[in-house]
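Single-structure report; data block below.
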Amino acid sequence: MLDPLPWLILLPLFWATLAFVRGPGRGGRLAVAGLLLQLALAGGLARQVAGEGERVYAVGGWGAPLGIDLAVDGLSAVMLLLAQAVALPLAVYARAYYAAHEEGARYFWPLAGALLAAMNALFLAADVFNLYVTLELLGLAAVGLVAASGGAGPVTAALRYLMATLLGSGAYLLGVALLYGAYGSVSLSILAPLLGADAPLAVFLAAALMLLGLMLKTALFPFHFWLPPAHGGAPAPVSALLSALVVKASFYLILRLWLDLFAPLATVAAAQLLGLLGAAAILWGSLMALAQTRLKMLVAYSTVAQIGYLFLLFPLATDTGSVASASAIQGGVMQALSHGLAKAAMFAAAGTVILSLGRDDIARLGGVSSRLPLTLFTFALAGVTLMGLPPSGGFTAKWLLMSSAMHSGQWGWVVVMILGGLLAAAYVFKVLRQAFLPVEAGTQFKPVPRLLEWPAFLLALASLLLGLRAGEVLGLLGAG
Amino acid sequence: MNLAFDLLLIAALLWSAGRALTTPDLFRAVVLFIVFGLLMALAWARLDAPDIALAEAAIGAGLTGALLLDALGHLRGPVRRKSGLIAPSTVMSSEGAGPPAFPTYFLNGLAIVLAVALGLALAGALLLLPEPAISLPREVAAAMDASGVAHPVTAVLLNFRGYDTLLEVAVLWLALLGVLAVAGGRAPGRAPVTPRSARASLKVPRLLARVLAPLALLVAGYLLWAGAHQPGGAFQAGAVLAAAAVLLNLAGLLPGGATPRWVLRAGLGFGLLVFLAVAAAVMGQGVLLQYPPAWAGALIMLIETGLTLSIGLTLAGLFLALSGASRQ
């Protein structure tokens, strides 16, 4: 049988390159076929990990430290599944979207393929320099996707995004150089046992630089300045890919470095600082979302807020005992998964509304409830996950985080999460309220193809049902 | 003698970097940046890293310099910064170009303080660096016999860490995709920029270009071949190819354009596809990118040949994609 591990990286690169050679706007069908296969491969890999535990793959047969190792454990298997599961419906959606709206379609498929390859390679990497290369690949693909729709606004947003992401990977690379200087290797498995609390100054500096760079890439408050214009201004399929997946990739890396490589250096003070920034992101992002007048900007600011929850896991998982810490990590990963599914659905639904109405003023959404009921239902279902209501994945995530907070006696974070949930309800209902108003006079709803509405609905449904299947997901996370 | 040279080099590096950041004249800043790149190449040569020196000279100073000069040519209006360091909005955007406000000075000050603090911390950390536990150069030397090539840098880039290179080639291709997406997506009917052929400062005599282009082809071929046993290889050879294409374009002999035809697209994707095909094919009896020892040399040469073509086209494309717009 095909070994899923290398093919998860090669396959998207193949279809990306072929789509490029076939010409502008082509390659959508190839991408959907490729993604179907990738989803099957990710499923196969997850089964392998669940059955046999962690797995190391020596590229070229050399092995670390001379060669590059890839590795897959529960966490990477879960993230790989998320990436393919979000990208496949979005690819179907994107084909319908670009058929109706050609702007930005020219290089979407090659860029999206490179994005997927970069993400899969990142989740499988076990070498800090190789991780840097995947970060660069991911960042450039994402910037290209934002810039592809042309026009002054998106290009300005893309350039600002480019500066932020290059600064982030530059800081990360500086950290890699310092680590290599201190230990002579870039392999995670070789570095981890060498690193202790007595590490030289260079290693502390490396840890700080790498974390700062990745925080910038994850758009953690106050580094979120680049995210709303980039995610809000891009075409809907791009916004969905970026908000659902790309920021999760750099978060995954922060989590991995914090838990594995830099665990001996991690202090409670640093963890509390990350938690405070996360709390600030939740409150600030939600308030800004509430203040928006354009639908996609609201959804983009909601991403800023939802990223905040991910960082609450650090104060809850550092020096709090094994029960609280395990539950915090599970909660953080569940949040990444459920937000990924829900935000992809929400941006896709927003894109459908914009294609049909031709505008995205929240104040003028009247009639969406009667003309686009499925799309509005999708938006509302995704909203349920963002608010953290049962039985959604968002509920499971917040419940796990809250029980960890209560277990370790850190009640402050519970208050922040409850406030965040209420604010999310406020901005979701702000949209729903307008959508239920009667149709404005003179408004024309263009009919939309079913392939635009159903993929988004499936994503929203998945984010809701994730809560019911949380046991299996957490089981996979715990394997290896 | 060597110490005096090194000190002079360091002083020149610091001076050119500082002036490039502080000079208000953008053209001068670009020229200083090119000077900085060439000095950097010298520094790499002094550090016994001729491969990096070649790449720095060809890409860091040469091609980047050409791109920056070209970008400068596309900027209309004043090309002077209001002040050095973080340029206010005059260049970066078209929004109001008033006098630098208080936040600009504040940000400049903050940037300087942070940069100095980081610089000092880095210097301190490097001075306290212990002897590394692992010596990769020793590991590389021990495995050279099985690598299929005789030059350690090529062995690392194409064999031991070939997977990194595979992804880096995709990075380069993505950079071009980004440029094509922006350049091709521009609304038609924008005011044309001065045609390149009319710009006296960039006019290269056609005769020179006709003589130099075939020579560059020869040099690229040599660099590619030499990469197996001495400094050289696909990246440097590709950079030389790209330089030839830029030269021909400047002389008006090679048209640019933001919408490559399929032959060109195939050429751009060729290197990556060959690399991917080899990576996948060797999995038949091993793992990803595990060359059979007897075939390693030949397969590396095959990959490098494909890469030279595609890297050359990609680097040239970065320059040519935007030059089409100036010819309308």
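A note on labels: chains of the structure tokens are A, B, ... as shown, every chain counts residues from 1, and ligands are counted from 1 in their shown order.
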
Contacts of Leu273 (chain A) at 12 Å (only C-alpha atoms; same-chain gap of 6+ positions) as a PyMOL selection string | chain A and resi 220-221+266-267+279-280+311-316+318

Export of prior selection with N, CA and C atoms as a compact mmCIF listing (two decimals), in the first residue's frame:
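Output below, filename out-v4.txt:
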# COMPACT_ATOMS: atom_id res chain seq x y z
N LEU A 220 -1.25 36.69 17.24
CA LEU A 220 -1.68 36.84 18.62
C LEU A 220 -1.65 38.32 18.98
N PHE A 221 -2.69 38.81 19.64
CA PHE A 221 -2.71 40.19 20.12
C PHE A 221 -1.40 40.48 20.85
N ALA A 266 10.65 26.62 29.95
CA ALA A 266 9.36 27.28 30.11
C ALA A 266 9.15 27.68 31.57
N THR A 267 8.81 28.94 31.78
CA THR A 267 8.54 29.41 33.14
C THR A 267 7.07 29.76 33.27
N ALA A 279 -5.98 36.38 26.50
CA ALA A 279 -7.19 36.98 27.07
C ALA A 279 -7.47 38.34 26.43
N ALA A 280 -6.40 39.13 26.25
CA ALA A 280 -6.58 40.42 25.60
C ALA A 280 -7.09 40.25 24.18
N PHE A 311 -4.23 30.37 23.23
CA PHE A 311 -3.09 30.70 24.08
C PHE A 311 -3.41 30.59 25.56
N LEU A 312 -4.70 30.38 25.89
CA LEU A 312 -5.04 30.17 27.30
C LEU A 312 -4.47 28.84 27.78
N LEU A 313 -4.15 27.96 26.84
CA LEU A 313 -3.68 26.65 27.29
C LEU A 313 -2.31 26.72 27.95
N PHE A 314 -1.51 27.76 27.62
CA PHE A 314 -0.15 27.78 28.17
C PHE A 314 -0.12 27.99 29.68
N PRO A 315 -0.83 29.00 30.23
CA PRO A 315 -0.81 29.10 31.70
C PRO A 315 -1.48 27.90 32.36
N LEU A 316 -2.40 27.24 31.65
CA LEU A 316 -3.11 26.11 32.25
C LEU A 316 -2.29 24.82 32.17
N THR A 318 1.28 24.74 32.16
CA THR A 318 2.66 24.87 32.64
C THR A 318 2.69 24.81 34.16

For chain B, which residues have at least one atom within 8 Å of chain A, if we go by only C-alpha atoms? Write them as a PyMOL selection string, please.
-> chain B and resi 121-122+125-126+128-136+139-140+159-164+167-168+170-171+174-175+177-179+181-182+185-187+262+265-266+269+272-273+276+280+286-291

Across A:Thr293, A:Leu337, A:Ser327, A:Ala470, the smallest distance to Met402 (chain A), with only C-alpha atoms counted, is shown by A:Ser327

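Between CA of Gly467 (chain A) and CA of Leu81 (chain A) the separation is 15.9 Å.
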
Region 217-435 of chain A: which residues are alpha helix (DSSP H) by DSSP, as a PyMOL selection string?
-> chain A and resi 217-218+227-233+236-241+247-256+268-291+295-311+313-317+322-357+368-371+373-387+393-407+411-435

Test item: residues at most 10 Å from region 353-366 of chain A, only C-alpha atoms, excluding those fewer than 6 positions along its chain, as number ranges by chain = A: 97, 100-101, 236, 292-298, 347, 372, 375-376, 430-441, 443-449, 452-453

Near region 307-310 of chain A, counting only C-alpha atoms, which residues have an atom at most 6 Å away, once you skip same-chain residues fewer than 3 positions from it, shown as a list in words?
-> Gly278, Ala279, Ala281, Ile282, Val304 and Gly332 of chain A

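The closest residue to Ala85 (chain A), picked from A:Gly367, A:Gly43, A:Gly475, A:Gly442 and counting only C-alpha atoms, is A:Gly43.
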
Shortest interatomic distance to Gly148 (chain B) - which of B:Ala228, B:Ala53, B:Leu32, B:Leu38, counting only C-alpha atoms |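 Checking each candidate against Gly148 (chain B), we get B:Ala228 as the closest.
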
As a check of understanding: the span from CA of Phe27 (chain B) to CA of Ala71 (chain B) is 10.4 Å

Shell around Gln236 (chain B) at 9 Å using only C-alpha atoms, local window under 4 positions removed, as a PyMOL selection string = chain B and resi 51+54-55+58-59+220+223-224+232+240-241+308
